[in-house]
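Structure file my_file_39.cif with mmCIF, C-alpha atoms:
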```cif
data_my_file
#
loop_
_atom_site.label_atom_id
_atom_site.label_comp_id
_atom_site.auth_asym_id
_atom_site.auth_seq_id
_atom_site.Cartn_x
_atom_site.Cartn_y
_atom_site.Cartn_z
CA MET A 1 17.05 -23.63 -2.06
CA ASN A 2 16.85 -19.91 -2.80
CA GLN A 3 16.50 -17.81 0.33
CA PRO A 4 13.88 -15.02 0.49
CA LYS A 5 15.42 -11.65 -0.23
CA SER A 6 15.77 -9.01 2.44
CA LYS A 7 14.06 -5.62 2.26
CA SER A 8 17.38 -3.97 1.38
CA ASP A 9 17.77 -6.36 -1.58
CA TYR A 10 14.49 -5.10 -3.02
CA ARG A 11 15.49 -1.46 -2.57
CA SER A 12 18.86 -2.04 -4.26
CA ARG A 13 17.24 -3.71 -7.22
CA ALA A 14 14.91 -0.74 -7.64
CA LEU A 15 17.82 1.57 -8.37
CA ILE A 16 19.17 -0.83 -10.98
CA VAL A 17 15.79 -1.03 -12.68
CA LEU A 18 15.59 2.76 -12.68
CA ALA A 19 18.90 2.94 -14.51
CA ILE A 20 17.65 0.45 -17.09
CA LEU A 21 14.41 2.39 -17.52
CA VAL A 22 16.31 5.56 -18.29
CA ALA A 23 19.22 4.14 -20.25
CA ALA A 24 17.68 1.23 -22.14
CA PRO A 25 14.36 2.12 -23.79
CA GLY A 26 14.15 -1.27 -25.46
CA PHE A 27 13.79 -2.90 -22.05
CA SER A 28 11.07 -0.75 -20.60
CA LEU A 29 9.20 1.01 -23.34
CA ALA A 30 6.89 -0.40 -25.98
CA ASP A 31 5.26 1.55 -28.78
CA SER A 32 1.55 2.02 -28.26
CA SER A 33 -0.81 1.54 -31.16
CA ASN A 34 -2.49 4.73 -29.91
CA SER A 35 0.74 6.74 -29.81
CA SER A 36 0.38 10.11 -31.44
CA GLY A 37 4.07 10.94 -31.29
CA GLY A 38 5.50 8.36 -33.69
CA THR A 39 8.02 5.86 -32.43
CA ASN A 40 9.13 6.19 -28.83
CA SER A 41 12.57 7.67 -28.24
CA SER A 42 14.97 8.22 -25.38
CA GLY A 43 13.67 11.80 -25.31
CA ILE A 44 10.21 10.57 -24.43
CA LEU A 45 11.64 8.09 -21.94
CA ALA A 46 13.45 10.86 -20.09
CA GLU A 47 10.04 12.41 -19.30
CA LEU A 48 9.07 9.49 -17.07
CA ARG A 49 11.49 8.50 -14.32
CA CYS A 50 10.54 6.10 -11.52
CA GLU A 51 12.40 5.06 -8.39
CA GLY A 52 11.53 2.52 -5.72
CA PRO A 53 11.18 -1.24 -5.19
CA PHE A 54 9.83 -2.80 -8.40
CA VAL A 55 8.58 -5.87 -6.53
CA GLN A 56 5.27 -7.38 -5.44
CA GLY A 57 3.97 -5.22 -2.60
CA GLY A 58 6.27 -2.35 -3.55
CA ALA A 59 5.57 1.20 -4.66
CA VAL A 60 7.55 3.65 -6.78
CA LEU A 61 7.69 7.42 -7.08
CA CYS A 62 7.65 8.70 -10.63
CA GLU A 63 8.39 12.06 -12.22
CA ALA A 64 6.76 13.41 -15.36
CA PRO A 65 5.60 16.81 -16.56
CA PRO A 66 2.90 18.18 -14.22
CA GLY A 67 -0.58 17.13 -15.30
CA THR A 68 0.59 13.98 -17.09
CA ARG A 69 -2.13 11.33 -16.89
CA ILE A 70 -1.35 7.70 -16.10
CA GLN A 71 -3.51 4.58 -16.43
CA MET A 72 -2.28 1.30 -14.97
CA GLY A 73 -4.36 -1.80 -14.32
CA GLY A 74 -7.59 0.17 -14.61
CA ILE A 75 -6.40 2.78 -12.09
CA GLY A 76 -5.94 6.38 -13.15
CA THR A 77 -3.76 9.02 -11.54
CA VAL A 78 -2.23 12.39 -12.44
CA ALA A 79 1.22 13.85 -11.84
CA ASP A 80 0.86 16.62 -9.26
CA ASP A 81 1.91 20.26 -9.58
CA ASP A 82 5.54 19.24 -9.05
CA GLY A 83 5.26 16.45 -11.62
CA VAL A 84 5.32 13.63 -9.05
CA PHE A 85 3.01 10.64 -8.66
CA VAL A 86 3.04 7.28 -6.91
CA VAL A 87 2.04 3.84 -8.18
CA GLY A 88 1.93 0.56 -6.29
CA PHE A 89 2.23 -3.11 -7.19
CA ASP A 90 -0.14 -5.49 -5.42
CA ARG A 91 0.95 -8.50 -3.34
CA ASP A 92 0.11 -10.75 -6.29
CA ALA A 93 1.14 -8.41 -9.12
CA ALA A 94 2.04 -10.06 -12.41
CA ARG A 95 5.64 -10.06 -13.62
CA THR A 96 4.93 -7.04 -15.82
CA GLU A 97 2.79 -3.95 -15.33
CA VAL A 98 1.81 -1.75 -18.26
CA ALA A 99 1.29 1.97 -17.74
CA LEU A 100 -0.37 4.08 -20.42
CA VAL A 101 1.02 7.60 -20.11
CA GLU A 102 -0.62 10.63 -21.74
CA PHE A 103 1.56 13.72 -21.86
CA LEU A 104 0.13 17.24 -22.01
CA ASP A 105 1.06 17.63 -25.68
CA GLY A 106 -1.20 14.69 -26.54
CA ARG A 107 1.48 12.02 -26.95
CA ILE A 108 0.50 8.65 -25.51
CA SER A 109 3.16 6.09 -24.68
CA GLU A 110 3.11 2.66 -23.12
CA TYR A 111 5.64 1.82 -20.42
CA VAL A 112 6.24 -1.74 -19.29
CA PHE A 113 7.63 -2.27 -15.78
CA SER A 114 9.26 -5.55 -14.77
CA ILE A 115 8.06 -6.66 -11.31
CA GLU A 116 9.99 -9.10 -9.15
CA THR A 117 7.99 -11.89 -7.51
CA ARG A 118 8.35 -12.71 -3.81
CA HIS A 119 8.24 -15.68 -1.50
CA TYR A 120 5.56 -15.43 1.22
CA ASP A 121 5.43 -17.19 4.56
CA VAL A 122 2.55 -19.30 5.84
CA SER A 123 1.02 -18.04 9.08
CA ARG A 124 -1.11 -20.38 11.21
CA ILE A 125 -3.32 -19.02 13.96
CA ASP A 126 -5.51 -21.30 16.07
CA GLY A 127 -7.93 -20.68 18.91
CA LEU A 128 -9.91 -17.90 17.23
CA PRO A 129 -13.65 -17.77 17.91
CA PRO A 130 -15.51 -19.48 15.02
CA SER A 131 -17.56 -16.27 14.67
CA GLN A 132 -14.33 -14.57 13.51
CA VAL A 133 -13.39 -17.26 10.99
CA ASP A 134 -16.20 -19.16 9.28
CA SER A 135 -19.39 -19.31 11.36
CA TYR A 136 -21.25 -16.05 10.86
CA SER A 137 -24.74 -15.39 12.19
CA GLU A 138 -27.17 -13.24 10.24
CA LYS A 139 -26.41 -10.39 12.65
CA ALA A 140 -22.68 -10.84 12.07
CA LEU A 141 -23.13 -10.82 8.30
CA ARG A 142 -24.99 -7.52 8.56
CA GLN A 143 -22.19 -6.11 10.72
CA ILE A 144 -19.57 -7.30 8.23
CA LYS A 145 -21.45 -5.65 5.35
CA ASP A 146 -21.85 -2.40 7.27
CA SER A 147 -18.16 -2.42 8.25
CA SER A 148 -17.15 -2.98 4.62
CA ASN A 149 -19.23 -0.01 3.47
CA ARG A 150 -17.61 2.30 6.01
CA LYS A 151 -14.13 1.08 5.11
CA ARG A 152 -14.79 1.72 1.42
CA ARG A 153 -15.66 5.33 2.19
CA GLY A 154 -12.33 5.75 4.00
CA ASP A 155 -10.45 4.08 1.14
CA ALA A 156 -12.04 6.41 -1.43
CA SER A 157 -9.94 9.37 -0.25
CA ARG A 158 -7.67 11.07 -2.80
CA ALA A 159 -6.15 13.86 -0.72
CA ARG A 160 -4.22 16.56 -2.57
CA LEU A 161 -1.12 16.03 -0.44
CA SER A 162 2.47 15.14 -1.23
CA ALA A 163 3.39 13.32 2.00
CA TYR A 164 3.54 10.05 0.07
CA ARG A 165 6.97 11.25 -1.09
CA GLU A 166 8.32 10.85 2.46
CA ARG A 167 9.84 7.59 3.59
CA PHE A 168 7.97 6.39 6.70
CA ILE A 169 9.05 6.01 10.30
CA TRP A 170 7.80 3.04 12.32
CA PRO A 171 4.41 3.76 13.95
CA ILE A 172 5.43 1.87 17.12
CA ASN A 173 8.52 0.23 18.55
CA GLY A 174 7.25 -3.35 18.59
CA ARG A 175 8.33 -6.92 17.87
CA LYS A 176 7.42 -8.13 14.40
CA THR A 177 5.36 -11.32 14.64
CA SER A 178 4.04 -11.59 11.08
CA SER A 179 5.28 -10.24 7.76
CA PHE A 180 3.34 -8.76 4.88
CA GLY A 181 1.77 -11.21 2.47
CA ALA A 182 1.79 -14.31 4.66
CA GLN A 183 -0.81 -16.90 3.68
CA ARG A 184 -3.17 -17.15 6.64
CA ILE A 185 -4.44 -20.47 8.00
CA LEU A 186 -7.03 -19.64 10.67
CA ASN A 187 -8.31 -22.50 12.84
CA GLY A 188 -7.01 -24.83 10.13
CA ILE A 189 -8.90 -23.02 7.34
CA GLU A 190 -7.07 -21.27 4.51
CA LYS A 191 -8.17 -17.64 4.37
CA ARG A 192 -7.06 -14.54 2.53
CA PRO A 193 -3.38 -13.53 2.80
CA HIS A 194 -2.30 -11.22 5.58
CA TYR A 195 -1.98 -7.77 4.04
CA GLY A 196 -0.19 -6.13 6.93
CA VAL A 197 2.83 -6.27 9.21
CA ASP A 198 2.03 -7.36 12.78
CA LEU A 199 3.94 -5.63 15.57
CA ALA A 200 3.44 -6.97 19.10
CA ALA A 201 3.39 -4.41 21.92
CA PRO A 202 1.54 -3.93 25.22
CA THR A 203 -1.99 -2.56 25.19
CA GLY A 204 -1.88 1.21 25.35
CA THR A 205 1.45 1.60 23.52
CA PRO A 206 1.20 4.91 21.61
CA ILE A 207 0.85 4.71 17.82
CA VAL A 208 2.26 7.63 15.80
CA ALA A 209 1.71 8.74 12.23
CA PRO A 210 4.61 7.52 10.04
CA ALA A 211 4.29 10.59 7.81
CA ASP A 212 2.06 13.62 7.33
CA GLY A 213 -1.48 13.04 6.14
CA VAL A 214 -5.19 13.44 6.74
CA ILE A 215 -7.44 11.03 8.67
CA THR A 216 -9.99 9.35 6.39
CA LEU A 217 -11.34 6.75 8.83
CA ALA A 218 -11.43 6.60 12.63
CA ASP A 219 -13.87 3.80 13.41
CA SER A 220 -14.18 1.92 16.70
CA ASP A 221 -16.81 -0.62 15.63
CA LEU A 222 -15.53 -2.72 12.73
CA TYR A 223 -16.21 -6.45 12.69
CA PHE A 224 -12.77 -7.91 11.93
CA GLU A 225 -10.51 -4.94 12.61
CA GLY A 226 -12.24 -3.96 15.86
CA ALA A 227 -11.10 -0.35 15.71
CA MET A 228 -9.10 1.13 12.86
CA ILE A 229 -7.48 4.39 11.80
CA VAL A 230 -6.67 5.25 8.17
CA ILE A 231 -4.39 8.05 6.98
CA ASP A 232 -4.26 9.33 3.39
CA HIS A 233 -0.74 10.58 2.62
CA GLY A 234 -1.80 11.84 -0.81
CA GLN A 235 -3.09 10.36 -4.08
CA GLY A 236 -4.83 7.52 -2.23
CA PHE A 237 -1.59 6.26 -0.65
CA LEU A 238 -3.17 5.01 2.58
CA SER A 239 -1.70 3.65 5.80
CA LYS A 240 -3.93 1.66 8.18
CA TYR A 241 -3.79 0.81 11.89
CA LEU A 242 -5.94 -2.13 13.07
CA HIS A 243 -7.13 -3.53 16.45
CA VAL A 244 -6.36 -0.29 18.29
CA SER A 245 -7.53 0.20 21.88
CA ARG A 246 -7.96 3.95 21.54
CA ILE A 247 -8.46 6.46 18.75
CA ASP A 248 -7.01 9.93 19.33
CA VAL A 249 -7.95 11.51 15.99
CA GLU A 250 -11.05 12.22 13.94
CA VAL A 251 -11.95 12.11 10.26
CA GLY A 252 -10.71 15.16 8.37
CA GLN A 253 -7.98 15.95 10.88
CA SER A 254 -4.51 16.68 9.55
CA VAL A 255 -1.70 14.81 11.30
CA HIS A 256 2.06 15.16 11.20
CA ARG A 257 4.88 12.66 11.14
CA GLY A 258 5.45 11.38 14.70
CA GLU A 259 2.11 12.68 16.02
CA ARG A 260 0.15 10.32 18.27
CA ILE A 261 -2.98 8.93 16.61
CA GLY A 262 -4.04 6.08 18.91
CA ALA A 263 -2.88 3.15 21.03
CA VAL A 264 -2.18 -0.54 20.54
CA GLY A 265 -4.98 -2.96 21.41
CA SER A 266 -6.48 -6.35 20.63
CA ARG A 267 -9.96 -5.61 19.34
CA GLY A 268 -11.64 -7.55 16.55
CA ARG A 269 -10.01 -10.70 15.13
CA SER A 270 -6.96 -10.78 17.36
CA THR A 271 -5.33 -13.17 19.84
CA GLY A 272 -3.31 -10.58 21.74
CA PRO A 273 -2.27 -6.92 21.82
CA HIS A 274 -0.51 -5.87 18.65
CA LEU A 275 -0.67 -3.40 15.78
CA CYS A 276 -1.54 -4.67 12.33
CA TRP A 277 -0.01 -2.01 10.09
CA ARG A 278 -1.13 -1.90 6.47
CA LEU A 279 -0.43 0.17 3.37
CA LYS A 280 -2.51 0.53 0.22
CA TRP A 281 -2.41 2.44 -3.03
CA ARG A 282 -5.99 2.59 -4.29
CA ASP A 283 -7.14 -1.06 -4.22
CA ARG A 284 -3.63 -2.56 -4.13
CA ASN A 285 -2.13 -4.05 -0.98
CA LEU A 286 1.46 -2.91 -0.30
CA ASP A 287 4.21 -3.81 2.14
CA PRO A 288 4.74 -0.91 4.57
CA GLU A 289 8.24 -2.16 5.44
CA LEU A 290 9.34 -1.30 1.91
CA TRP A 291 8.48 2.36 2.57
CA ILE A 292 10.51 2.70 5.79
CA GLU A 293 13.33 5.26 5.62
#
```

Would you kindly transcribe this structure into structure tokens?
Amino acid sequence: MNQPKSKSDYRSRALIVLAILVAAPGFSLADSSNSSGGTNSSGILAELRCEGPFVQGGAVLCEAPPGTRIQMGGIGTVADDDGVFVVGFDRDAARTEVALVEFLDGRISEYVFSIETRHYDVSRIDGLPPSQVDSYSEKALRQIKDSSNRKRRGDASRARLSAYRERFIWPINGRKTSSFGAQRILNGIEKRPHYGVDLAAPTGTPIVAPADGVITLADSDLYFEGAMIVIDHGQGFLSKYLHVSRIDVEVGQSVHRGERIGAVGSRGRSTGPHLCWRLKWRDRNLDPELWIE
């Protein structure tokens, strides 16, 4: 039986894929029917370089001329003033992702990225209150809807920052109890996958920002998350901190790598004190462990 690959395996593969992207246009680049620059060439390919884990839950940093526009999976982004942008591949990303790239001179090219699939664990949690799993009162349903609306506002941030280029530090020194992507079975009922990394630690353990950013959500009354903090590190590259016992920041506040933002807790749908640490790019769920330095 094939064993699941380690995080370092995914990072190593990313560098190999980068070399193929740059050196072998036939592998990564397909002519677009909308291309205004004729057939694609290695010269065009050299204008888009990407590095990072090309794997489900991974994200890559790409370089292109400043102002280059990118469309991928219905999501649009733009290379910043230094010509850098980030894209992420969801937990359940297909084996290929197609990016439509429009350069400033009007050329449009189609890039095809090969994405490695992953094996995910199954995580079973019993003893949760039914009100947190499948038995919702009318009041609870209203709370869930209100919580979702507030979370969407936090997720809508597109800060003009470049901190997404930094590799992260761990937000706490805790024991990992659940990995990203695990299929959740709650009270015997199959629910959505777990989109975070769970780190067990005593209540009150300080949580620090893994990189610079701006606070887009600091909410202490969410139905499932209990209390949550969200940081935008730039271009909608968001890190999230769930079930916290204390929030030490406010929306709009700039934070720096290593700065305290809150404390570990067990609020919301939780069976004990821990930090659920999540990472998203736009609406895609990413593995924060793959962004650790």

As an exercise, work out the distance from CA of Leu48 (chain A) to CA of Thr96 (chain A) in Å and give it to one decimal place.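 Spanning CA of Leu48 (chain A) to CA of Thr96 (chain A) is a straight-line distance of 17.1 Å.
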
Step by step, work through what the PyMOL selection byres ((chain A and resi 134) around 10) selects in the shown file, and finish by giving those residues as a list of chain:residue names.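 This file, filtered by the PyMOL selection byres ((chain A and resi 134) around 10), leaves A:Pro129, A:Pro130, A:Ser131, A:Gln132, A:Val133, A:Ser135, A:Tyr136, A:Ser137, A:Leu186, A:Asn187, A:Ile189, A:Lys191.
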
At what distance in Å, to one decimal, does CA of Glu293 (chain A) lie from CA of Met228 (chain A)? 23.9 Å

What's the 10 Å shell around Ser254 (chain A), counting only C-alpha atoms, without same-chain residues fewer than 5 positions away, as a PDB file with C-alpha atoms, in the coordinates of the input?
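Contents of around-v8.pdb, freshly written:
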```
ATOM      1  CA  ASP A 212       2.060  13.620   7.330  1.00  0.00           C
ATOM      2  CA  GLY A 213      -1.480  13.040   6.140  1.00  0.00           C
ATOM      3  CA  VAL A 214      -5.190  13.440   6.740  1.00  0.00           C
ATOM      4  CA  ILE A 215      -7.440  11.030   8.670  1.00  0.00           C
ATOM      5  CA  THR A 216      -9.990   9.350   6.390  1.00  0.00           C
ATOM      6  CA  ILE A 231      -4.390   8.050   6.980  1.00  0.00           C
ATOM      7  CA  ASP A 232      -4.260   9.330   3.390  1.00  0.00           C
ATOM      8  CA  HIS A 233      -0.740  10.580   2.620  1.00  0.00           C
ATOM      9  CA  VAL A 249      -7.950  11.510  15.990  1.00  0.00           C
TER      10      VAL A 249
END
```

Which value, in Å to one decimal, gives the distance between CA of Tyr223 (chain A) and CA of Val197 (chain A)?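 That distance, rounded to one decimal, is 19.4 Å.
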
Shell around region 163-170 of chain A at 6 Å using only C-alpha atoms, local window under 2 positions removed, as a list in words: Leu161, Ile172, Pro210, Ala211, Asp212, His233, Gly234, Trp291, Ile292 and Glu293 of chain A

Of the candidates A:Gly154, A:Pro206, A:Gly196, A:Gly73, which one gets nearest to Ile261 (chain A) if we count all atoms listed in the file?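 When distances to Ile261 (chain A) are compared using all atoms listed in the file, the smallest one comes from A:Pro206.
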
One residue among A:Val78, A:Val255, A:Ala140, A:Ala227 is nearest to Arg267 (chain A) when using only C-alpha atoms, and that residue is A:Ala227

Residues selected by the PyMOL selection byres ((chain A and resi 67) around 10), written as JSON, numbers by chain: {"A": [64, 65, 66, 68, 69, 70, 77, 78, 79, 80, 81, 82, 83, 84, 85, 102, 103, 104]}

Using all atoms listed in the file, I'd like a table of the residues in region 114-217 of chain A that come within 8 Å of region 91-95 of chain A; for each, show the closest atom pair and its distance in Å rounded to one decimal, ordered by chain and ascending number, as a tab-separated table.
```
residue	atom	partner	partner_atom	distance
A:Ser114	CA	A:Arg95	CA	5.9
A:Ile115	CA	A:Arg95	CA	4.8
A:Glu116	CA	A:Arg95	CA	6.3
A:Thr117	CA	A:Arg95	CA	6.8
A:Gly181	CA	A:Arg91	CA	6.5
A:Tyr195	CA	A:Arg91	CA	8.0
```

Filtering to C-alpha atoms, could you give me those residues as a CSV table (one decimal), in the coordinates of the input?
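Wrote it out as selection.csv, contents follow:
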```
chain,number,residue,atom,x,y,z
A,114,SER,CA,9.3,-5.6,-14.8
A,115,ILE,CA,8.1,-6.7,-11.3
A,116,GLU,CA,10.0,-9.1,-9.2
A,117,THR,CA,8.0,-11.9,-7.5
A,181,GLY,CA,1.8,-11.2,2.5
A,195,TYR,CA,-2.0,-7.8,4.0
```

Selection in question (the file shown): the PyMOL selection byres ((chain A and resi 277) around 8). Which residues does it include, as number ranges by chain? A: 196-199, 239-242, 275-276, 278-279, 288
